[in-house]
Amino acid sequence: MIESEADGLQIAAPQHSSSPSSAAIALVTLAPLALAACGDGGGSVATPTPPPTPAPLLTAPQVSRFLGQATMGATKADITALATATSYDAWLTAQFGAARPSKFWDFLANNGYNVVANINSQAGYEPMVWAQLISSSDQLRQRVGLALLNMVVVSIDGLEVNWRTPMMAAYLDVLWDNAFGNYRTLLDAVAGSTGMGIYLTFLGSLKANPKTGSVPDENFARELMQLFTIGLYQLNMDGSLALSGGNPVPTYTQADVSGLARVWTGWTYANSDNTTPNRVQLPMINNAANHESGSKVFLGTTIPANTDGPTSKKLALDAIFAHSNVPPFVSKQLIQHLVTSNPSAAYIQRVAAVFANNGSGVRGDLQAVVRAILTDSEARADPTSTTTTFGKLREPVVRLTQWARAYNVTSPTNLWPFGNTSSSASRLSEGVGHAPSVFNWFRPGYSPPGSTINTAGMVAPEFQLVNEPAVVAYVNFMQSLIVNGSGEAKPDYSSLTALATDSQALLNELNLVFAANQIGATTLAGMKTALDTIAVTTSAGINNRIYAAILFVMAAPEFLIAK
Amino acid sequence: MTLDVSRRAFLQRASALSIAGAATPFVMNLAAIGEAAAATASDYKALVCVFMYGGNDYANTLIPADATNYPLYYNQRPGLGYTQAQIAATTLKPTVALSGGQQYALAPELGGLLPIFNAGKMGVMLNVGTLVQPTTKAQYLANSVPLPPKLLSHNDQQSYWQSSSPEGASSGWGGRIGDLLQSGNGTATLTCINPSGNAVFLTGKSAVQYSVSPAGPIALNARNSLQGSTAAGTFLQTLMRTPVNHQMETALSQVTGRALDLYGSVTTALAGAPVTTTVFPKSADPSSSLNAQLQEVAKLISVSSQLGAKRQVFFVSTGRFDTHDGLVTLHPILMQNISDALAAFYATTVELGVANQVTTFTGSDFGRALTANNDGTDHGWGSMHFMLGGAVNGGRYYGTPPLVGNGTTDDIGQGRLIPTTSVDQYAATLASWFGVSATDMPTVLPNIGNYTTKTLGFV
């Protein structure tokens, strides 16, 4: 059975205990670099050396832009704090070091969703996701987690089994727990998760049966290679194709898929008790009777006959992880999700080099990779106002969380009733964890046909979600949210009220928070003229001007394309 | 209203034309000239592509039913295959028998299509798939002929099927047909219409995909007034459609501009659509909107003259065909859903009096393996497809029946078929009926010259 929550807001009113909702990013206030440079000056009498020049502080637009890449949305307070108190590196270190305030699983448990009545429903799923993305203080983890979910896809709509919501929660926790860990560890946890086991149909896969001619299910074997690790063609470290005689070189053959499929046999739930969701959270175990006992040959690796399931899994993932494609393949996609759709070859190469070796000989260190992506000169250079290619279309769900975070949307009883935002006719054309297939909502290689992007040989992944109904539905949906919020989840525009009498000041504030000042003067002037037609002699008028101003900013192409 | 929009759209394209200057593709000039001269074609035709995302399991769609081949089928998928009793009622009786007494049956859940086949309005395409040129197993094994890149990969084969290029393709063959024929339409942007989202299939070199929701175009709620201000509502639309510098802003604004431009005329036309009485059954697959998409296509066809359209290409789709497991549970539901939707859509075109002018055909990423992986089947290549419509020379098979088995000369293992008819030939047949000349065919299908038999005569 498919449970459709297309436009439905969450109706169930579960019990809820206290919520983890410290909205502000935990910023560690470190001494500015200039002070640190003073060092331990010994006891010598001061020589007349001039005081060291203070390191230039980051500007507010620069910080807003950075937070737009690294979080689910900047707030004015975050911008102010980061612009005056610390550095990107220190902020990253603090984010990497912060423990998760709460897990997805805990939200379900604490709010009463993991009960038998929900064994065959998605109850609690949307509140769980929105609560975490919008209100959790570990914002870098939220953003990287979302990127990983876009790459190593499981969709709750494809989990047509009991306890699908806790199964999806456990899967999201695998990604979020490992977002700052090692990619090899992440792969191991993914390959052991019941969510992936069900989604790519290898939970329950059987070894070949000579009597019936049945062969092992190839689903996970194929997509593990194509989508999660190495892709279809041999790559150079800068992400370009490694050609042979002018032709691309396939990374694997059908025989490799069939060989690797033999590893993913015999996997099943760790216990048989279906009365609680416990077993969907436990890693799968291997039932030796159903595991392929012959040799497993793929990618030039041979796992000998009679190797057990867990050992085969380790050897297979080791072999794949060692493939030279993994660093550029994974690094490029992470860059695309966080910073820009068309990174330069040099940028990819710099990040891939860190993926291959974090400086301490470790391959796959995601902390190092994320730091390399966000602090790279290509990411941090101020974009010129005339750039025509750098950047990306903001992902629809991140636009919603930007708004919600900027204006402190809270949900007093943890309902977070934004629902499933997948509808392209009335919502965002994207729902977190509702991808239509393992190929995600949008592909890293998508290039809108008929566009100059395509003619230029470039890609724009998020444009896979752009069409006539979608662009209008987005504006309609945001207008409704901006004005009304959703149920008990209401915005707080009190910080804007005083600005509303001055449309220019109002727009300047919104431009900084939402768009890192990337909306140009001409556009702002048009907005101002239009906003000035809304009288602010009453509080209703003030509100209307604020609502219209936010909608203008969020509908502006200069906002939607984040440079 | 219609005229206004059409004229404005033409003027916009005309100015784009002058900017583009000498680099403008020839077809775009043709389109603009044709549009200026207004429609000349006196008839109306529509092509409707029904795409089954995920790779349809061909063997449980069209089941070998004769005494020789049925066991070869069933033995590759015991427990997954239909029993002979199950397929007795849907065994096809074609007007042109296959050699050697070979027979096929429709999946029982496709029974709703049987009357259409028997009436000669549905044909069956055997073992069609993506190719660059005719390919034998020996050539495949020796890697001695060019093959479509990235075989068995979902996204790439979806793209190759629709465009003759893997993911990242710049245009699809539905759109390239549109390039050649949109000049006859009053509003060129209403040539290639997609009620299911985005597909490369419908974008040409100059033809654009226009998407509607299954319920029609979406209104911008603030189009008349935003927070009480008419001026703000007007400005919002200017803002949304005005790019500044960036190529992505341009691409985004083009789509937005179309949405805002066409909303009024299309909505007005649809409001006057004749009421049809054909009932689309409740979707057998509750997650599919195929019924709604096809109902919208029928409505758009019914108002084509109001919109000045003479040639239109539509794309509808439905998913969940990637049946690696649960085949016996899920696939019958998907077949029922396809059968109900196609039969009701065909009946609607009959009711509207346009059955002879609408040709519907199916497509999918690829076929699947014949051999089971216990409870499902894995990715394949060639597959079986259907063509329906009053103009179809139906009631029979086209193409060559593949050998049934694992490791025959017609498969690359596990019954993953090597296509004996290419999508290019399938497409050229449809394009030819639609009005694309043999001379123009290579602009629609670059590889069609690799085939001696270019069109198959099924329509």
# chains A, B, ... in the order shown; residues from 1 in each chain; ligands from 1

call {"tool": "select_by_dssp", "arguments": {"residues": "stretch 11-244 of chain A", "states": "helix (DSSP H, G or I)", "output": "ChimeraX atom specification"}}
result
/A:33-36,60-70,76-85,88-97,104-110,116-118,125-135,139-151,156-158,164-178,183-192,194-199,219-229

call {"tool": "interface_residues", "arguments": {"of": "chain B", "to": "chain A", "cutoff": "7 Å", "atoms": "only C-alpha atoms", "output": "ChimeraX atom specification"}}
result
/B:76,78,167-171,197-198,200,203-205,210-213,217-218,220-221,226-227,229,231-232,235-236,239-240,243,245-249,251,255-256,258-259,287,324-325,371-374,378

call {"tool": "select_by_dssp", "arguments": {"residues": "stretch 314-563 of chain A", "states": "strand (DSSP E)", "output": "JSON, numbers by chain"}}
result
{"A": [392, 393, 561, 562]}

call {"tool": "write_last_selection", "arguments": {"atoms": "C-alpha atoms", "output": "compact mmCIF listing (two decimals), in the first residue's frame"}}
result
# COMPACT_ATOMS: atom_id res chain seq x y z
CA LYS A 392 23.38 26.94 -8.76
CA LEU A 393 19.62 27.02 -8.62
CA ILE A 561 20.22 31.44 -8.72
CA ALA A 562 22.73 31.49 -5.88

call {"tool": "residues_around", "arguments": {"residues": "A:Val354", "least_positions_apart": "2", "cutoff": "8 Å", "atoms": "only C-alpha atoms", "output": "compact mmCIF listing (two decimals) with C-alpha atoms, in the first residue's frame"}}
result
# COMPACT_ATOMS: atom_id res chain seq x y z
CA ARG A 350 41.73 20.07 -5.13
CA VAL A 351 38.79 18.58 -3.26
CA ALA A 352 39.29 15.10 -4.70
CA ALA A 356 42.00 10.69 -1.44
CA ASN A 357 44.22 11.83 1.41
CA ASN A 358 43.24 14.21 4.18
CA GLY A 359 46.87 15.04 4.85
CA ARG A 363 40.96 8.42 2.41
CA ASP A 365 37.50 11.90 5.48
CA ALA A 368 38.29 17.35 5.43
CA VAL A 369 36.32 17.16 2.21
CA ALA A 372 38.00 21.81 1.43

call {"tool": "residues_around", "arguments": {"residues": "A:Ile320", "least_positions_apart": "5", "cutoff": "10 Å", "atoms": "only C-alpha atoms", "output": "NGL selection string"}}
result
:A and (184 or 224-225 or 229-230 or 298-299 or 301 or 315 or 325-326)

call {"tool": "write_last_selection", "arguments": {"atoms": "N, CA and C atoms", "output": "JSON list (two decimals), in the first residue's frame"}}
result
[["chain", "number", "residue", "atom", "x", "y", "z"],
["A", 184, "ARG", "N", 33.88, 5.64, 3.66],
["A", 184, "ARG", "CA", 33.90, 4.17, 3.69],
["A", 184, "ARG", "C", 33.00, 3.65, 4.82],
["A", 224, "LEU", "N", 24.98, 0.82, -6.45],
["A", 224, "LEU", "CA", 26.12, 1.09, -5.57],
["A", 224, "LEU", "C", 27.30, 1.61, -6.40],
["A", 225, "MET", "N", 27.52, 0.98, -7.54],
["A", 225, "MET", "CA", 28.63, 1.42, -8.40],
["A", 225, "MET", "C", 28.25, 2.66, -9.21],
["A", 229, "THR", "N", 29.31, 5.48, -5.85],
["A", 229, "THR", "CA", 30.76, 5.39, -5.66],
["A", 229, "THR", "C", 31.61, 5.71, -6.89],
["A", 230, "ILE", "N", 31.35, 5.07, -8.03],
["A", 230, "ILE", "CA", 32.33, 5.20, -9.11],
["A", 230, "ILE", "C", 31.74, 5.72, -10.42],
["A", 298, "PHE", "N", 34.34, -9.35, -9.51],
["A", 298, "PHE", "CA", 33.88, -8.05, -10.03],
["A", 298, "PHE", "C", 35.04, -7.06, -9.97],
["A", 299, "LEU", "N", 35.09, -6.13, -10.89],
["A", 299, "LEU", "CA", 36.07, -5.04, -10.89],
["A", 299, "LEU", "C", 37.49, -5.56, -10.66],
["A", 301, "THR", "N", 38.40, -7.92, -8.86],
["A", 301, "THR", "CA", 38.56, -8.49, -7.52],
["A", 301, "THR", "C", 37.88, -9.85, -7.48],
["A", 315, "LEU", "N", 35.00, -6.91, 2.04],
["A", 315, "LEU", "CA", 35.96, -6.98, 0.92],
["A", 315, "LEU", "C", 35.42, -6.24, -0.30],
["A", 325, "ASN", "N", 38.03, 6.29, -9.10],
["A", 325, "ASN", "CA", 36.93, 7.22, -9.39],
["A", 325, "ASN", "C", 36.29, 7.82, -8.15],
["A", 326, "VAL", "N", 36.38, 7.13, -7.02],
["A", 326, "VAL", "CA", 35.58, 7.54, -5.87],
["A", 326, "VAL", "C", 35.87, 8.99, -5.45]]

call {"tool": "residues_around", "arguments": {"residues": "A:Leu148", "least_positions_apart": "5", "cutoff": "10 Å", "atoms": "only C-alpha atoms", "output": "list in words"}}
result
Gln142, Arg143, Val153, Leu172, Leu175, Trp176, Asn178, Ala179, Leu186, Phe228, Val330, Gln333, Leu334 and His337 of chain A

call {"tool": "residues_around", "arguments": {"residues": "B:Gly367", "least_positions_apart": "4", "cutoff": "12 Å", "atoms": "only C-alpha atoms", "output": "PyMOL selection string"}}
result
chain B and resi 52-62+126-130+151-154+157-158+161+321-323+363+377-385+411+414-419

call {"tool": "residues_around", "arguments": {"residues": "stretch 43-46 of chain B", "least_positions_apart": "3", "cutoff": "8 Å", "atoms": "only C-alpha atoms", "output": "PyMOL selection string"}}
result
chain B and resi 301+309-314+357-359+434

call {"tool": "write_last_selection", "arguments": {"atoms": "N, CA and C atoms", "output": "JSON list (two decimals), in the first residue's frame"}}
result
[["chain", "number", "residue", "atom", "x", "y", "z"],
["B", 301, "ILE", "N", -6.52, 18.20, -26.72],
["B", 301, "ILE", "CA", -6.80, 17.85, -28.13],
["B", 301, "ILE", "C", -8.18, 18.39, -28.53],
["B", 309, "ALA", "N", -3.89, 24.83, -33.02],
["B", 309, "ALA", "CA", -2.87, 23.79, -33.15],
["B", 309, "ALA", "C", -3.26, 22.77, -34.23],
["B", 310, "LYS", "N", -2.31, 22.46, -35.09],
["B", 310, "LYS", "CA", -2.52, 21.46, -36.13],
["B", 310, "LYS", "C", -1.72, 20.19, -35.88],
["B", 311, "ARG", "N", -0.62, 20.33, -35.23],
["B", 311, "ARG", "CA", 0.24, 19.18, -34.92],
["B", 311, "ARG", "C", 0.71, 19.32, -33.48],
["B", 312, "GLN", "N", 0.41, 18.30, -32.68],
["B", 312, "GLN", "CA", 0.86, 18.35, -31.29],
["B", 312, "GLN", "C", 1.45, 17.01, -30.86],
["B", 313, "VAL", "N", 2.53, 17.10, -30.09],
["B", 313, "VAL", "CA", 3.17, 15.91, -29.53],
["B", 313, "VAL", "C", 3.01, 15.99, -28.01],
["B", 314, "PHE", "N", 2.50, 14.93, -27.43],
["B", 314, "PHE", "CA", 2.28, 14.89, -25.98],
["B", 314, "PHE", "C", 3.15, 13.80, -25.36],
["B", 357, "GLN", "N", -6.96, 10.63, -35.78],
["B", 357, "GLN", "CA", -5.95, 11.69, -35.80],
["B", 357, "GLN", "C", -5.00, 11.62, -34.61],
["B", 358, "VAL", "N", -5.23, 10.65, -33.74],
["B", 358, "VAL", "CA", -4.40, 10.54, -32.54],
["B", 358, "VAL", "C", -3.75, 9.17, -32.51],
["B", 359, "THR", "N", -2.44, 9.14, -32.49],
["B", 359, "THR", "CA", -1.72, 7.87, -32.38],
["B", 359, "THR", "C", -0.94, 7.84, -31.07],
["B", 434, "PHE", "N", 3.02, 11.45, -39.10],
["B", 434, "PHE", "CA", 2.74, 12.79, -38.57],
["B", 434, "PHE", "C", 3.02, 13.88, -39.60]]

call {"tool": "atom_distance", "arguments": {"atom1": "atom CA of B:Leu330", "atom2": "atom CA of A:Tyr199"}}
result
14.7 Å

call {"tool": "atom_distance", "arguments": {"atom1": "atom CA of B:Thr318", "atom2": "atom CA of B:Leu290"}}
result
5.9 Å

call {"tool": "atom_distance", "arguments": {"atom1": "atom CA of A:Tyr347", "atom2": "atom CA of A:Gly239"}}
result
9.6 Å

call {"tool": "closest_residue", "arguments": {"among": "A:Tyr88, A:Pro210, A:Asn290, A:Val263", "to": "B:Asn75", "atoms": "only C-alpha atoms"}}
result
A:Pro210
